[in-house]
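Visitor: The structure follows.
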Amino acid sequence: MNALISLHNSFFRKLESMLGPWLLPTLARFTFAATLLIYFWNSASLKIGDGLFGIFDISNAYGQIYPRAFEAAGYDSDAMSAFQWLVTLTGTWAEFILPLLIVIGLLTRLAALGMIGFAILQSLTDIYGHMATEYGAWFDRAPDGTIMDQRLFWITILMILVIRGAGPLSLDRLLGRSN
């Protein structure tokens, strides 16, 4: 039995040392790109205006980011505070920039950490701001809760990038940054 355990440990130690440093971060970035990049970009695109300077027109974003406050303001974007405008503008831009940074592997650890914060705030906004009634639960028999279950998978993928970095196929590696 000791020989079998030793063989097991030896095999998986070698496997981890060969594949772990590059496979996990590369797979995490690929998974993010394949499943979440377009999701976030589409979400951000709904928040901005048309044309070249549409990125400064965030009047469509208040309903998603501050649903209750925007309703209380009579859906008048001019009635929103300067703080709400700043949070809405930076949040909207972050939905474009952070996913791009993750996919190209630039400042990946910080971008992934930002996306974790973004996913948490998005979840809280969905539950408390939009009053979502279906958000799932952990440790139940249904693996498809749209908030609790999905966002846990998102955060797990992003934590791999926070801890391991972007991996070898990244701008971080190309520029000699810690990955």
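By order in the structure tokens, chains are A, B, ...; within a chain, residues start at 1; ligands start at 1, following the order shown.
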Please report, as a tab-separated table, each residue of stretch 51-147 of chain A lying at most 6 Å from stretch 27-45 of chain A, together with the nearest pair of atoms and the separation in Å rounded to one decimal; use only C-alpha atoms, and order rows by chain and ascending residue number.
Guide:
```
residue	atom	partner	partner_atom	distance
A:Thr92	CA	A:Ala44	CA	5.6
A:Glu95	CA	A:Ala44	CA	5.6
A:Phe96	CA	A:Trp41	CA	5.6
A:Pro99	CA	A:Leu37	CA	5.8
A:Val103	CA	A:Arg29	CA	5.9
```
Visitor: If we count only C-alpha atoms and set the cut-off at 10 Å, which residues sit around A:Ile48, ignoring sequence neighbours fewer than 4 positions away in its own chain? Please answer as an NGL selection string.
Guide: :A and (43-44 or 53-61 or 89 or 92-93)
Visitor: Compare A:Arg151, A:Gly114, A:Arg13, A:Pro67 by their minimum atom-to-atom distance to A:Ile97, counting only C-alpha atoms, and give me the closest one.
Guide: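 Answer, going by the shortest atom-to-atom distance: A:Gly114.
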Visitor: At a cut-off of 10 Å, can you tabulate as a Markdown table every residue of stretch 88-138 of chain A near stretch 170-173 of chain A together with its closest atom pair and the distance in Å to one decimal, using only C-alpha atoms and ordering rows by chain then number?
Guide:
```
| residue | atom | partner | partner_atom | distance |
| --- | --- | --- | --- | --- |
| A:Leu101 | CA | A:Leu171 | CA | 9.2 |
| A:Ile102 | CA | A:Ser170 | CA | 9.1 |
| A:Val103 | CA | A:Ser170 | CA | 8.4 |
| A:Ile104 | CA | A:Ser170 | CA | 6.0 |
| A:Gly105 | CA | A:Ser170 | CA | 4.4 |
| A:Leu106 | CA | A:Asp172 | CA | 5.0 |
| A:Leu107 | CA | A:Asp172 | CA | 6.4 |
| A:Thr108 | CA | A:Asp172 | CA | 7.4 |
| A:Arg109 | CA | A:Asp172 | CA | 9.7 |
```
Visitor: Please produce a file of the residues just selected, as a compact mmCIF listing (two decimals), in the first residue's frame, where the atoms kept are C-alpha atoms.
Guide:
```txt
# COMPACT_ATOMS: atom_id res chain seq x y z
CA LEU A 101 -6.87 43.17 -19.44
CA ILE A 102 -7.59 39.62 -18.30
CA VAL A 103 -7.91 38.24 -21.82
CA ILE A 104 -4.68 39.84 -23.08
CA GLY A 105 -2.93 39.04 -19.81
CA LEU A 106 -1.93 42.57 -18.81
CA LEU A 107 -1.99 43.56 -15.12
CA THR A 108 -3.90 40.32 -14.77
CA ARG A 109 -3.77 39.92 -11.01
```
Visitor: Kindly give the distance, in Å, that separates atom CA of A:Gln64 and atom CA of A:Asp76, rounded to a single decimal.
Guide: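 Computed distance, atom CA of A:Gln64 to atom CA of A:Asp76, equals 13.7 Å.
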Visitor: Name all residues at most 9 Å from A:Tyr62 (count only C-alpha atoms; drop same-chain ones fewer than 5 positions away) and give them as a ChimeraX atom specification.
Guide: /A:47,67,69-70,75,77,80,84-85,88
Visitor: Just the selected residues (all heavy atoms), exported as an mmCIF file, in the first residue's frame, please.
Guide:
```
data_model
loop_
_atom_site.group_PDB
_atom_site.id
_atom_site.type_symbol
_atom_site.label_atom_id
_atom_site.label_comp_id
_atom_site.auth_asym_id
_atom_site.auth_seq_id
_atom_site.Cartn_x
_atom_site.Cartn_y
_atom_site.Cartn_z
ATOM 1 N N LYS A 47 -24.982 50.290 -21.488
ATOM 2 C CA LYS A 47 -24.938 51.406 -20.549
ATOM 3 C C LYS A 47 -24.460 52.713 -21.172
ATOM 4 O O LYS A 47 -24.580 53.765 -20.568
ATOM 5 C CB LYS A 47 -24.027 51.046 -19.368
ATOM 6 C CG LYS A 47 -24.561 49.936 -18.516
ATOM 7 C CD LYS A 47 -23.601 49.601 -17.396
ATOM 8 C CE LYS A 47 -24.180 48.523 -16.526
ATOM 9 N NZ LYS A 47 -23.425 47.317 -16.516
ATOM 10 N N PRO A 67 -30.586 51.050 -9.450
ATOM 11 C CA PRO A 67 -31.993 50.931 -9.873
ATOM 12 C C PRO A 67 -32.987 51.649 -8.958
ATOM 13 O O PRO A 67 -33.892 52.333 -9.442
ATOM 14 C CB PRO A 67 -32.233 49.422 -9.882
ATOM 15 C CG PRO A 67 -31.158 48.835 -9.057
ATOM 16 C CD PRO A 67 -29.988 49.759 -9.152
ATOM 17 N N ALA A 69 -32.379 54.131 -6.680
ATOM 18 C CA ALA A 69 -32.132 55.573 -6.647
ATOM 19 C C ALA A 69 -32.589 56.228 -7.953
ATOM 20 O O ALA A 69 -33.135 57.337 -7.940
ATOM 21 C CB ALA A 69 -30.646 55.844 -6.414
ATOM 22 N N PHE A 70 -32.380 55.543 -9.069
ATOM 23 C CA PHE A 70 -32.788 56.090 -10.364
ATOM 24 C C PHE A 70 -34.307 56.160 -10.459
ATOM 25 O O PHE A 70 -34.862 57.143 -10.970
ATOM 26 C CB PHE A 70 -32.200 55.230 -11.487
ATOM 27 C CG PHE A 70 -32.240 55.864 -12.845
ATOM 28 C CD1 PHE A 70 -31.794 57.159 -13.047
ATOM 29 C CD2 PHE A 70 -32.699 55.149 -13.937
ATOM 30 C CE1 PHE A 70 -31.816 57.746 -14.305
ATOM 31 C CE2 PHE A 70 -32.728 55.718 -15.202
ATOM 32 C CZ PHE A 70 -32.286 57.028 -15.384
ATOM 33 N N TYR A 75 -36.325 58.616 -12.901
ATOM 34 C CA TYR A 75 -35.560 58.205 -14.094
ATOM 35 C C TYR A 75 -34.924 59.406 -14.798
ATOM 36 O O TYR A 75 -34.755 59.406 -16.011
ATOM 37 C CB TYR A 75 -36.435 57.384 -15.052
ATOM 38 C CG TYR A 75 -36.979 56.141 -14.395
ATOM 39 C CD1 TYR A 75 -38.295 56.079 -13.971
ATOM 40 C CD2 TYR A 75 -36.154 55.047 -14.154
ATOM 41 C CE1 TYR A 75 -38.789 54.946 -13.341
ATOM 42 C CE2 TYR A 75 -36.637 53.907 -13.517
ATOM 43 C CZ TYR A 75 -37.955 53.872 -13.115
ATOM 44 O OH TYR A 75 -38.426 52.759 -12.486
ATOM 45 N N SER A 77 -31.599 61.277 -15.199
ATOM 46 C CA SER A 77 -30.161 61.097 -14.959
ATOM 47 C C SER A 77 -29.513 62.360 -14.412
ATOM 48 O O SER A 77 -28.510 62.282 -13.690
ATOM 49 C CB SER A 77 -29.447 60.639 -16.237
ATOM 50 O OG SER A 77 -29.632 61.575 -17.272
ATOM 51 N N MET A 80 -29.182 62.530 -10.534
ATOM 52 C CA MET A 80 -28.235 61.662 -9.828
ATOM 53 C C MET A 80 -27.062 62.500 -9.319
ATOM 54 O O MET A 80 -26.670 63.495 -9.939
ATOM 55 C CB MET A 80 -27.745 60.550 -10.745
ATOM 56 C CG MET A 80 -28.875 59.683 -11.320
ATOM 57 S SD MET A 80 -29.915 58.905 -10.089
ATOM 58 C CE MET A 80 -28.883 57.541 -9.617
ATOM 59 N N GLN A 84 -22.644 59.310 -7.628
ATOM 60 C CA GLN A 84 -23.311 58.266 -8.404
ATOM 61 C C GLN A 84 -22.847 58.300 -9.862
ATOM 62 O O GLN A 84 -22.670 57.257 -10.490
ATOM 63 C CB GLN A 84 -24.832 58.411 -8.319
ATOM 64 C CG GLN A 84 -25.372 58.058 -6.953
ATOM 65 C CD GLN A 84 -26.814 58.466 -6.769
ATOM 66 O OE1 GLN A 84 -27.243 59.536 -7.224
ATOM 67 N NE2 GLN A 84 -27.580 57.621 -6.085
ATOM 68 N N TRP A 85 -22.655 59.490 -10.395
ATOM 69 C CA TRP A 85 -22.150 59.627 -11.768
ATOM 70 C C TRP A 85 -20.752 59.015 -11.871
ATOM 71 O O TRP A 85 -20.469 58.256 -12.794
ATOM 72 C CB TRP A 85 -22.110 61.104 -12.178
ATOM 73 C CG TRP A 85 -21.459 61.314 -13.513
ATOM 74 C CD1 TRP A 85 -22.048 61.192 -14.736
ATOM 75 C CD2 TRP A 85 -20.091 61.638 -13.748
ATOM 76 N NE1 TRP A 85 -21.125 61.432 -15.732
ATOM 77 C CE2 TRP A 85 -19.911 61.708 -15.144
ATOM 78 C CE3 TRP A 85 -19.000 61.889 -12.915
ATOM 79 C CZ2 TRP A 85 -18.685 62.011 -15.733
ATOM 80 C CZ3 TRP A 85 -17.787 62.187 -13.504
ATOM 81 C CH2 TRP A 85 -17.634 62.250 -14.892
ATOM 82 N N THR A 88 -20.871 55.221 -11.558
ATOM 83 C CA THR A 88 -21.485 54.671 -12.766
ATOM 84 C C THR A 88 -20.515 54.732 -13.944
ATOM 85 O O THR A 88 -20.388 53.766 -14.699
ATOM 86 C CB THR A 88 -22.799 55.411 -13.089
ATOM 87 O OG1 THR A 88 -23.661 55.317 -11.952
ATOM 88 C CG2 THR A 88 -23.488 54.830 -14.304
#
```
Visitor: Record the distance separating atom CA of A:Met148 and atom CA of A:Tyr135, expressed in Å with one decimal.
Guide: 6.0 Å
